[in-house]
Every structure is written in C-alpha cells, then in structure tokens.
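Shown next: my_file14.cif, given as mmCIF, C-alpha atoms.
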data_structure
loop_
_atom_site.label_atom_id
_atom_site.label_comp_id
_atom_site.auth_asym_id
_atom_site.auth_seq_id
_atom_site.Cartn_x
_atom_site.Cartn_y
_atom_site.Cartn_z
CA MET A 1 -35.46 -40.16 -42.56
CA LYS A 2 -34.55 -43.85 -42.42
CA ILE A 3 -36.92 -46.37 -44.03
CA ILE A 4 -36.67 -49.54 -41.96
CA LYS A 5 -39.53 -51.79 -43.12
CA LYS A 6 -41.63 -52.11 -46.25
CA ILE A 7 -45.42 -52.40 -45.96
CA ASN A 8 -46.06 -52.20 -49.71
CA THR A 9 -44.57 -50.21 -52.59
CA SER A 10 -46.32 -47.04 -51.41
CA ALA A 11 -46.11 -47.48 -47.64
CA ALA A 12 -43.31 -48.16 -45.18
CA ILE A 13 -42.25 -47.85 -41.56
CA ALA A 14 -39.57 -45.26 -40.91
CA LEU A 15 -37.61 -43.57 -38.15
CA ASP A 16 -37.69 -39.78 -38.01
CA SER A 17 -34.75 -37.59 -36.96
CA LEU A 18 -35.58 -38.17 -33.28
CA GLY A 19 -35.76 -41.93 -33.67
CA ASN A 20 -39.58 -42.08 -33.47
CA GLU A 21 -41.31 -44.80 -35.47
CA VAL A 22 -43.66 -43.44 -38.11
CA VAL A 23 -45.72 -44.90 -40.96
CA VAL A 24 -45.06 -43.03 -44.20
CA LEU A 25 -46.97 -43.06 -47.49
CA GLY A 26 -45.59 -42.01 -50.85
CA LYS A 27 -45.38 -43.35 -54.38
CA GLY A 28 -42.59 -45.94 -54.63
CA ILE A 29 -41.41 -45.29 -51.09
CA GLY A 30 -41.43 -48.98 -50.20
CA PHE A 31 -39.84 -50.16 -53.44
CA PRO A 32 -36.07 -49.99 -52.64
CA ALA A 33 -34.41 -52.62 -50.47
CA VAL A 34 -34.67 -51.76 -46.78
CA PRO A 35 -33.22 -50.34 -44.69
CA TYR A 36 -32.24 -47.21 -46.61
CA GLU A 37 -31.90 -43.48 -46.01
CA LEU A 38 -34.57 -41.33 -47.66
CA ASN A 39 -33.03 -37.96 -48.35
CA ASP A 40 -35.74 -36.54 -50.59
CA LEU A 41 -38.53 -35.91 -48.05
CA SER A 42 -40.78 -34.48 -50.79
CA LYS A 43 -41.54 -38.10 -51.71
CA ILE A 44 -43.43 -38.49 -48.43
CA GLU A 45 -47.11 -37.70 -48.92
CA ARG A 46 -48.38 -38.74 -45.48
CA THR A 47 -46.95 -39.51 -42.06
CA PHE A 48 -48.70 -41.28 -39.19
CA TYR A 49 -47.41 -41.51 -35.65
CA ASP A 50 -48.50 -43.89 -32.86
CA VAL A 51 -49.99 -46.43 -35.28
CA ASP A 52 -50.94 -49.77 -33.77
CA SER A 53 -48.90 -52.50 -35.51
CA LYS A 54 -52.04 -54.54 -36.13
CA TYR A 55 -52.95 -52.04 -38.87
CA PHE A 56 -49.76 -52.61 -40.89
CA ASN A 57 -51.27 -55.56 -42.75
CA LEU A 58 -54.45 -53.57 -43.36
CA ILE A 59 -52.44 -50.76 -44.98
CA LYS A 60 -50.92 -53.31 -47.34
CA HIS A 61 -54.30 -54.13 -48.89
CA ILE A 62 -56.03 -50.73 -49.06
CA SER A 63 -55.57 -48.29 -51.92
CA THR A 64 -53.54 -45.17 -51.29
CA ASP A 65 -56.50 -43.04 -52.44
CA ILE A 66 -58.75 -44.42 -49.70
CA LEU A 67 -55.99 -44.17 -47.09
CA SER A 68 -55.32 -40.59 -48.11
CA VAL A 69 -58.94 -39.44 -47.98
CA SER A 70 -59.41 -41.27 -44.66
CA ALA A 71 -56.49 -39.29 -43.27
CA ASP A 72 -58.08 -36.10 -44.61
CA ILE A 73 -61.35 -37.02 -42.91
CA ALA A 74 -59.56 -37.75 -39.62
CA ASN A 75 -57.83 -34.35 -39.76
CA MET A 76 -61.09 -32.61 -40.61
CA ALA A 77 -62.86 -34.40 -37.75
CA GLU A 78 -60.26 -33.27 -35.20
CA GLU A 79 -60.77 -29.67 -36.29
CA GLU A 80 -64.57 -29.82 -36.45
CA LEU A 81 -64.95 -31.67 -33.15
CA ASP A 82 -62.11 -29.75 -31.47
CA ALA A 83 -60.83 -33.00 -30.01
CA GLU A 84 -57.71 -35.12 -30.10
CA LEU A 85 -58.87 -38.34 -31.73
CA ASN A 86 -57.37 -41.80 -31.66
CA PRO A 87 -54.35 -41.80 -34.04
CA ASN A 88 -55.62 -45.03 -35.61
CA LEU A 89 -58.89 -43.43 -36.81
CA ALA A 90 -57.54 -42.97 -40.36
CA PHE A 91 -56.89 -46.72 -40.62
CA THR A 92 -60.11 -48.02 -39.04
CA LEU A 93 -62.01 -45.59 -41.23
CA ALA A 94 -60.06 -46.64 -44.35
CA ASP A 95 -60.85 -50.28 -43.60
CA HIS A 96 -64.55 -49.48 -43.27
CA LEU A 97 -64.68 -47.34 -46.42
CA ALA A 98 -62.78 -49.91 -48.49
CA PHE A 99 -65.26 -52.57 -47.39
CA ALA A 100 -68.17 -50.24 -48.15
CA VAL A 101 -66.83 -49.72 -51.68
CA GLU A 102 -66.45 -53.48 -52.14
CA ARG A 103 -70.05 -54.10 -51.04
CA LEU A 104 -71.29 -51.28 -53.26
CA ARG A 105 -69.57 -52.79 -56.31
CA LYS A 106 -71.16 -56.15 -55.52
CA GLY A 107 -74.58 -54.56 -55.27
CA LEU A 108 -75.03 -55.52 -51.63
CA ASP A 109 -77.30 -53.64 -49.23
CA LEU A 110 -75.20 -51.20 -47.26
CA THR A 111 -77.82 -50.26 -44.67
CA GLY A 112 -76.35 -51.11 -41.29
CA ALA A 113 -78.11 -52.36 -38.20
CA ILE A 114 -77.15 -49.16 -36.38
CA SER A 115 -79.98 -47.03 -35.04
CA TYR A 116 -80.56 -43.80 -36.88
CA ASP A 117 -81.06 -42.17 -33.47
CA ILE A 118 -77.28 -41.85 -33.52
CA LYS A 119 -77.61 -38.58 -35.44
CA HIS A 120 -79.68 -37.15 -32.58
CA LEU A 121 -77.42 -38.52 -29.84
CA TYR A 122 -74.23 -37.30 -31.50
CA PRO A 123 -75.23 -34.42 -33.83
CA LYS A 124 -71.74 -32.92 -34.18
CA GLU A 125 -70.20 -36.27 -35.11
CA ALA A 126 -73.08 -37.00 -37.51
CA GLU A 127 -72.51 -33.67 -39.25
CA VAL A 128 -68.80 -34.46 -39.65
CA ALA A 129 -69.74 -37.91 -41.02
CA ASN A 130 -71.92 -36.28 -43.70
CA LYS A 131 -69.00 -34.04 -44.66
CA ALA A 132 -66.77 -37.12 -44.76
CA LEU A 133 -69.07 -38.80 -47.30
CA LYS A 134 -68.89 -35.72 -49.52
CA MET A 135 -65.10 -35.58 -49.15
CA PHE A 136 -64.88 -39.26 -50.11
CA LYS A 137 -67.07 -38.66 -53.19
CA ASP A 138 -65.00 -35.64 -54.27
CA LYS A 139 -61.61 -37.35 -53.88
CA VAL A 140 -62.27 -41.01 -54.71
CA ARG A 141 -65.09 -40.41 -57.21
CA ILE A 142 -67.33 -43.01 -55.59
CA THR A 143 -70.71 -42.11 -54.10
CA LEU A 144 -71.50 -44.16 -51.02
CA PRO A 145 -75.09 -44.38 -49.74
CA SER A 146 -76.15 -41.87 -47.10
CA SER A 147 -76.71 -44.82 -44.73
CA GLU A 148 -72.91 -45.03 -44.39
CA SER A 149 -73.04 -41.79 -42.41
CA ALA A 150 -74.20 -43.70 -39.30
CA SER A 151 -71.23 -46.08 -39.50
CA ILE A 152 -68.75 -43.24 -39.95
CA THR A 153 -70.35 -41.47 -36.99
CA MET A 154 -69.69 -44.58 -34.90
CA HIS A 155 -66.01 -44.55 -35.90
CA LEU A 156 -65.72 -40.89 -34.90
CA ILE A 157 -67.35 -41.49 -31.51
CA ASN A 158 -65.08 -44.46 -30.91
CA ALA A 159 -62.02 -42.39 -31.84
CA GLU A 160 -63.09 -39.74 -29.32
CA LEU A 161 -63.33 -42.43 -26.64
CA LYS A 162 -59.77 -43.52 -27.55
CA VAL A 163 -60.70 -47.13 -26.84
CA ASN A 164 -62.25 -49.87 -28.92
CA ASP A 165 -65.48 -49.86 -26.96
CA TYR A 166 -68.39 -49.99 -29.37
CA SER A 167 -70.41 -51.76 -26.66
CA SER A 168 -70.92 -48.53 -24.70
CA ILE A 169 -72.24 -46.80 -27.82
CA PHE A 170 -74.58 -49.65 -28.68
CA ASN A 171 -75.83 -49.72 -25.08
CA LEU A 172 -76.65 -46.02 -25.29
CA ILE A 173 -78.59 -46.59 -28.50
CA LYS A 174 -80.39 -49.57 -26.98
CA ILE A 175 -81.39 -47.61 -23.86
CA THR A 176 -82.66 -44.60 -25.81
CA GLN A 177 -84.71 -46.89 -28.06
CA GLU A 178 -86.28 -48.54 -25.02
CA ILE A 179 -87.08 -45.16 -23.44
CA ARG A 180 -88.69 -44.04 -26.68
CA ASN A 181 -90.73 -47.25 -26.79
CA ILE A 182 -91.92 -46.70 -23.21
CA ILE A 183 -93.06 -43.16 -24.02
CA GLU A 184 -94.84 -44.09 -27.25
CA LYS A 185 -96.54 -47.09 -25.63
CA ASN A 186 -97.73 -45.26 -22.51
CA LEU A 187 -98.82 -42.03 -24.18
CA HIS A 188 -100.11 -43.66 -27.40
CA VAL A 189 -98.09 -41.38 -29.65
CA LYS A 190 -95.53 -41.60 -32.43
CA MET A 191 -92.79 -39.03 -31.89
CA ASN A 192 -91.65 -36.80 -34.73
CA GLU A 193 -88.01 -37.78 -35.18
CA ASN A 194 -87.37 -34.81 -37.46
CA SER A 195 -88.40 -32.18 -34.92
CA TYR A 196 -86.02 -29.94 -33.03
CA GLU A 197 -87.62 -30.96 -29.72
CA TYR A 198 -86.94 -34.63 -30.49
CA SER A 199 -83.24 -33.84 -30.95
CA ARG A 200 -83.23 -31.90 -27.66
CA PHE A 201 -84.99 -34.79 -25.94
CA MET A 202 -82.45 -37.32 -27.21
CA MET A 203 -79.58 -35.13 -26.04
CA HIS A 204 -81.18 -34.84 -22.60
CA VAL A 205 -81.48 -38.64 -22.42
CA ARG A 206 -77.86 -39.03 -23.51
CA TYR A 207 -76.59 -36.77 -20.73
CA LEU A 208 -79.00 -38.33 -18.22
CA ILE A 209 -77.50 -41.75 -18.95
CA GLN A 210 -73.96 -40.38 -18.76
CA ARG A 211 -74.70 -38.87 -15.35
CA ILE A 212 -76.52 -41.72 -13.65
CA SER A 213 -74.18 -44.39 -15.03
CA LYS A 214 -71.40 -42.56 -13.16
CA GLY A 215 -73.46 -42.16 -10.01
CA VAL A 216 -73.93 -38.42 -10.54
CA GLN A 217 -77.38 -36.79 -10.48
CA LEU A 218 -78.90 -33.32 -10.66
CA GLN A 219 -79.55 -31.71 -7.27
CA ASP A 220 -81.82 -28.74 -7.96
CA GLN A 221 -84.44 -29.20 -5.20
CA ASN A 222 -87.52 -29.07 -7.43
CA GLU A 223 -89.89 -30.97 -5.15
CA MET A 224 -92.72 -28.41 -5.31
CA LEU A 225 -92.43 -28.05 -9.07
CA LEU A 226 -92.40 -31.84 -9.42
CA SER A 227 -95.61 -32.13 -7.36
CA THR A 228 -97.31 -29.58 -9.60
CA MET A 229 -96.07 -31.36 -12.71
CA LYS A 230 -97.38 -34.71 -11.47
CA MET A 231 -100.85 -33.26 -10.87
CA GLU A 232 -101.01 -31.50 -14.24
CA TYR A 233 -99.60 -34.42 -16.26
CA PRO A 234 -100.50 -37.70 -14.51
CA MET A 235 -99.87 -39.84 -17.62
CA ILE A 236 -96.41 -38.35 -18.09
CA ASP A 237 -95.76 -39.08 -14.40
CA VAL A 238 -96.65 -42.74 -14.98
CA CYS A 239 -94.43 -42.80 -18.07
CA ALA A 240 -91.47 -41.25 -16.22
CA ASN A 241 -91.88 -43.76 -13.38
CA GLU A 242 -91.71 -46.64 -15.84
CA ILE A 243 -88.54 -45.20 -17.40
CA MET A 244 -86.97 -44.81 -13.97
CA ASP A 245 -87.93 -48.40 -13.09
CA TYR A 246 -86.38 -49.63 -16.34
CA LEU A 247 -83.10 -47.78 -15.69
CA LYS A 248 -82.88 -49.07 -12.13
CA GLU A 249 -83.98 -52.67 -12.70
CA THR A 250 -82.15 -53.28 -15.99
CA TRP A 251 -79.03 -51.17 -15.54
CA GLY A 252 -78.83 -50.59 -11.78
CA TRP A 253 -79.06 -46.80 -12.17
CA PRO A 254 -81.48 -45.11 -9.73
CA CYS A 255 -82.87 -41.66 -10.60
CA ASN A 256 -83.74 -39.03 -8.02
CA ASN A 257 -86.74 -36.71 -8.18
CA ASP A 258 -84.81 -33.86 -9.80
CA GLU A 259 -83.84 -36.13 -12.69
CA LYS A 260 -87.48 -37.24 -12.90
CA PHE A 261 -88.70 -33.62 -12.98
CA TYR A 262 -86.49 -32.69 -15.95
CA LEU A 263 -87.32 -35.94 -17.71
CA MET A 264 -91.03 -35.12 -17.43
CA ILE A 265 -90.41 -31.64 -18.86
CA TYR A 266 -88.63 -33.05 -21.89
CA ILE A 267 -91.25 -35.77 -22.42
CA ASN A 268 -93.99 -33.13 -22.34
CA ARG A 269 -92.12 -30.98 -24.87
CA VAL A 270 -91.37 -33.79 -27.30
CA ILE A 271 -94.93 -35.15 -27.42
CA ASN A 272 -96.26 -31.63 -28.01
CA SER A 273 -93.95 -30.91 -30.92
CA GLY A 274 -95.45 -32.81 -33.78
CA ALA A 275 -96.01 -36.22 -32.18
CA THR A 276 -98.97 -38.03 -33.73
CA THR A 277 -101.59 -40.05 -31.90
CA LYS A 278 -101.47 -43.81 -32.45
#

Translate this structure into structure tokens?
Amino acid sequence: MKIIKKINTSAAIALDSLGNEVVVLGKGIGFPAVPYELNDLSKIERTFYDVDSKYFNLIKHISTDILSVSADIANMAEEELDAELNPNLAFTLADHLAFAVERLRKGLDLTGAISYDIKHLYPKEAEVANKALKMFKDKVRITLPSSESASITMHLINAELKVNDYSSIFNLIKITQEIRNIIEKNLHVKMNENSYEYSRFMMHVRYLIQRISKGVQLQDQNEMLLSTMKMEYPMIDVCANEIMDYLKETWGWPCNNDEKFYLMIYINRVINSGATTK
C-alpha cells in the first residue's frame, strides 16, 4: 500500500493495490516522509473508503481512541440496522463525541434541544444509540450522559438517509409534537409517553407522514367503519379533523378518509392506555 499524504502521525491517505484512495489509521503511519510504500500492513489498524475530503482536517484533531470507537459504532450500527450507512458516519460521529467529551469536561449542560420523541419515532436507531454510549464508555473510559443518545440517534438516521438532511428529521419531530399537542388539547389528556401504545401511535404517525408527504395514501374502503367510529367517538372525530386540517394547511398534505379512520383508531388506543386527564 502506498502512503501518499499525511493527515497526522497516526492517520494518512493511501492508495490500495487497485489504486483506490483510502484513509488509514495506525500508530506512526503518518510519521515518515510521503510518499512511501508501506509493506508491513499489520501497522494499519483501520481503513476507510469513500471518505469526503472535508473530514481530513477533522481527523487531524480527534484522538485515535475516539475515531476507533466511532468506527466500531458505525460497524455495529450497520449490522444492527441491517443497512448500508453513509461511509462518513464514523467521522461525523467522532466529531460529535469529541465535542461531547469537551463539553462534559467543562461541566456544560449536554442536554440537546432534540425532542425525546425521537426514541419512539426511530426505536431501532435509538436502541443502537444506547449501545453506542455503552461501547464508548467501555473503550474510552468516559461516561457520557444518557441525553447524548438522542444526538447519536440523529446521526444514525442521517447516515441511513445518506444525505446531510437533518431538516427532514426535525420536521418530522415538529409535526409529531404538534399532533400530540392537538390531541392533548382537544381531549384534555396527558399521554403516557412510556406506554407501548404511545410508541405504536408515534410509529403510525411517522409512517402516515412518510406516505402523505409522497402523495401516497391508504385505500382500504372503510367508509362504513369510519361512520360508526365517528358516532361512537365524536370528540376523537373532531380531534382527527383538526390534525388533518393542520397537515393540509401547514404542509399541503391532504388525508383521505381511510387515513382518518386509522388515525382515529390509534388516537383512541393511546388515550386509553394510561393517559391522564388534565
């Protein structure tokens, strides 16, 4: 393998046997004058393909320990989520974790402005994020607050999208918060965010938004069932109508009656599963 550019003493850019550019990590690997031929490949601890050049400077200033555990987390996430993630995840995650450590050492509040509904909207990613925090603690010997799980979850979701589009994630969180507010205001309840039905409700809302934002809606022909539901639960009907108005007027996403029917079912379930009266 040919080392062609130094990043720091432990990181460099190299060309593999096929001429592909790769970022390599290894103790002292960037120390000799470049370019040079590296014959002892056992010195290479990590290799990264398809790395965006904008992360080269970032690598220069982050410890090898944090880079290494971030790579471990990225590999673990691909296996757990059964998805091909953005190849730059290890570096964006390392940047975030290094900054989290810096803030922790300065005694700054690490609680982000990210909604904690993220764990209900993306439960698989949230579970991987919790494992990532434990992996970080075991390998770097630094315990980050549990609030960092939400931020790591965001990085995982973004890596699945393969684009730097946090806006779509924040919009989803914003919409689900508004829908929750509409339900709690209209039905005078406080939903139990720790209940299983709340998690199911949030997942239904997530997929509802994904469908209608793409112009796709359920077509199950439930008109008779919807009429019965409206008569039995008039307040839930009013609540569902307000949610539909919000989605159409604010986001330009109309909902048909089948979508309304299922929304009413999930609202009824979630308010009857531990919700408290205001």

Report task. Could you tell me which of A:Glu184, A:Glu232, A:Glu259, A:Glu160 comes closest to A:Ile209 if we count all atoms listed in the file? Result ->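 Between A:Glu184, A:Glu232, A:Glu259, A:Glu160, the residue approaching A:Ile209 most closely is A:Glu259.
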
Requested in this report: Tell me which residues the PyMOL selection byres ((chain A and resi 165-178) around 10) grabs here, as a VMD selection string.
Outcome: chain A and resid 114 to 118 121 154 to 155 157 to 159 161 to 164 179 to 184 202 to 203 205 to 206 209 to 210 243 246 to 247 250 to 251

Query - Matched chain/residue IDs from the PyMOL selection byres ((chain A and resi 100) around 12), as an MDAnalysis selection string - result: chainID A and resid 66 93:99 101:112 133 136 142:149 151:152

Restricted to C-alpha atoms, what would the selected residues look like written as a tab-separated table (two decimals), keeping the file's coordinate frame?
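Generated output (out_24.tsv):
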chain	number	residue	atom	x	y	z
A	66	ILE	CA	-58.75	-44.42	-49.70
A	93	LEU	CA	-62.01	-45.59	-41.23
A	94	ALA	CA	-60.06	-46.64	-44.35
A	95	ASP	CA	-60.85	-50.28	-43.60
A	96	HIS	CA	-64.55	-49.48	-43.27
A	97	LEU	CA	-64.68	-47.34	-46.42
A	98	ALA	CA	-62.78	-49.91	-48.49
A	99	PHE	CA	-65.26	-52.57	-47.39
A	101	VAL	CA	-66.83	-49.72	-51.68
A	102	GLU	CA	-66.45	-53.48	-52.14
A	103	ARG	CA	-70.05	-54.10	-51.04
A	104	LEU	CA	-71.29	-51.28	-53.26
A	105	ARG	CA	-69.57	-52.79	-56.31
A	106	LYS	CA	-71.16	-56.15	-55.52
A	107	GLY	CA	-74.58	-54.56	-55.27
A	108	LEU	CA	-75.03	-55.52	-51.63
A	109	ASP	CA	-77.30	-53.64	-49.23
A	110	LEU	CA	-75.20	-51.20	-47.26
A	111	THR	CA	-77.82	-50.26	-44.67
A	112	GLY	CA	-76.35	-51.11	-41.29
A	133	LEU	CA	-69.07	-38.80	-47.30
A	136	PHE	CA	-64.88	-39.26	-50.11
A	142	ILE	CA	-67.33	-43.01	-55.59
A	143	THR	CA	-70.71	-42.11	-54.10
A	144	LEU	CA	-71.50	-44.16	-51.02
A	145	PRO	CA	-75.09	-44.38	-49.74
A	146	SER	CA	-76.15	-41.87	-47.10
A	147	SER	CA	-76.71	-44.82	-44.73
A	148	GLU	CA	-72.91	-45.03	-44.39
A	149	SER	CA	-73.04	-41.79	-42.41
A	151	SER	CA	-71.23	-46.08	-39.50
A	152	ILE	CA	-68.75	-43.24	-39.95

Report task. Pick out the residues sitting within 10 Å of stretch 76-83 of chain A, and hand them over as an MDAnalysis selection string; count all atoms listed in the file, and ignore anything fewer than 4 positions along from it in its own chain. Result -> chainID A and resid 70:72 89 124:125 127:129 131:132 135 156 159:160

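Excluding A:Glu193 and any residue on its chain fewer than 2 positions from it, the residues at most 12 Å away by only C-alpha atoms are Tyr116, Asp117, Ile118, Lys119, His120, Leu121, Arg180, Lys190, Met191, Ser195, Tyr196, Glu197, Tyr198, Ser199, Arg200, Phe201, Met202, Val270, Ile271, Ser273, Gly274, Ala275 and Thr276 of chain A.
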
Query raised in the report: Hey, which of A:Leu67, A:Leu58, A:Ile44, A:Ala12 ends up closest to A:Phe31? Count all atoms listed in the file.
Result: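 Between A:Leu67, A:Leu58, A:Ile44, A:Ala12, the residue approaching A:Phe31 most closely is A:Ala12.
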
**Report entry** Computed interatomic separation between atom CA of A:Ile265 and atom CA of A:Met224 (Å)
**Finding:**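 Computed distance, atom CA of A:Ile265 to atom CA of A:Met224, equals 14.1 Å.
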
Query - Selected residue of minimal separation from A:Gln219 among A:Trp253, A:Phe261, A:Tyr233, A:Tyr207, counting all atoms listed in the file - result: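 Smallest distance to A:Gln219 is found for A:Phe261.
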
Requested in this report: For the file shown, report as a ChimeraX atom specification the outcome of the PyMOL selection byres ((chain A and resi 29) around 10) at residue level.
Outcome: /A:3,6-13,24-28,30-32,38,43-45

Report as JSON the centre and the edge lengths, in Å to one decimal, of the axis-aligned box holding every listed atom of stretch 136-147 of chain A, padded by 3 Å on each side.
{"center_x": -69.2, "center_y": -40.2, "center_z": -51.0, "size_x": 21.1, "size_y": 15.2, "size_z": 18.5}

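For the pair atom CA of A:Cys239 and atom CA of A:Leu187, the interatomic distance is 7.6 Å.
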
Shell of 12 Å around A:Asn257, all atoms listed in the file, local chain residues under 6 positions omitted, as a short mmCIF file (atom, residue, chain, number, x, y, z; two decimals) with C-alpha atoms, in the coordinates of the input:
data_model
loop_
_atom_site.label_atom_id
_atom_site.label_comp_id
_atom_site.auth_asym_id
_atom_site.auth_seq_id
_atom_site.Cartn_x
_atom_site.Cartn_y
_atom_site.Cartn_z
CA GLN A 217 -77.38 -36.79 -10.48
CA LEU A 218 -78.90 -33.32 -10.66
CA GLN A 219 -79.55 -31.71 -7.27
CA ASP A 220 -81.82 -28.74 -7.96
CA GLN A 221 -84.44 -29.20 -5.20
CA ASN A 222 -87.52 -29.07 -7.43
CA GLU A 223 -89.89 -30.97 -5.15
CA MET A 224 -92.72 -28.41 -5.31
CA LEU A 225 -92.43 -28.05 -9.07
CA LEU A 226 -92.40 -31.84 -9.42
CA SER A 227 -95.61 -32.13 -7.36
CA MET A 229 -96.07 -31.36 -12.71
CA LYS A 230 -97.38 -34.71 -11.47
CA ASP A 237 -95.76 -39.08 -14.40
CA ALA A 240 -91.47 -41.25 -16.22
CA ASN A 241 -91.88 -43.76 -13.38
CA MET A 244 -86.97 -44.81 -13.97
CA LEU A 263 -87.32 -35.94 -17.71
CA MET A 264 -91.03 -35.12 -17.43
#

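Note that atom CA of A:Ala126 and atom CA of A:His188 are 29.6 Å apart.
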
Report task. Please work out which residues fall within 8 Å of (-45.4, -44.8, -38.3), coordinates as given in the file, with all atoms listed in the file counting, and return them as a list in words. Result -> Ala12, Ile13, Ala14, Leu15, Glu21, Val22, Val23, Val24, Thr47, Phe48, Tyr49, Asp50 and Val51 of chain A

Query raised in the report: A:Thr64, A:Asn272, A:Ser53, A:Thr228: which is nearest A:Lys139, counting all atoms listed in the file?
Result: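 Of A:Thr64, A:Asn272, A:Ser53, A:Thr228, the one nearest A:Lys139, counting all atoms listed in the file, is A:Thr64.
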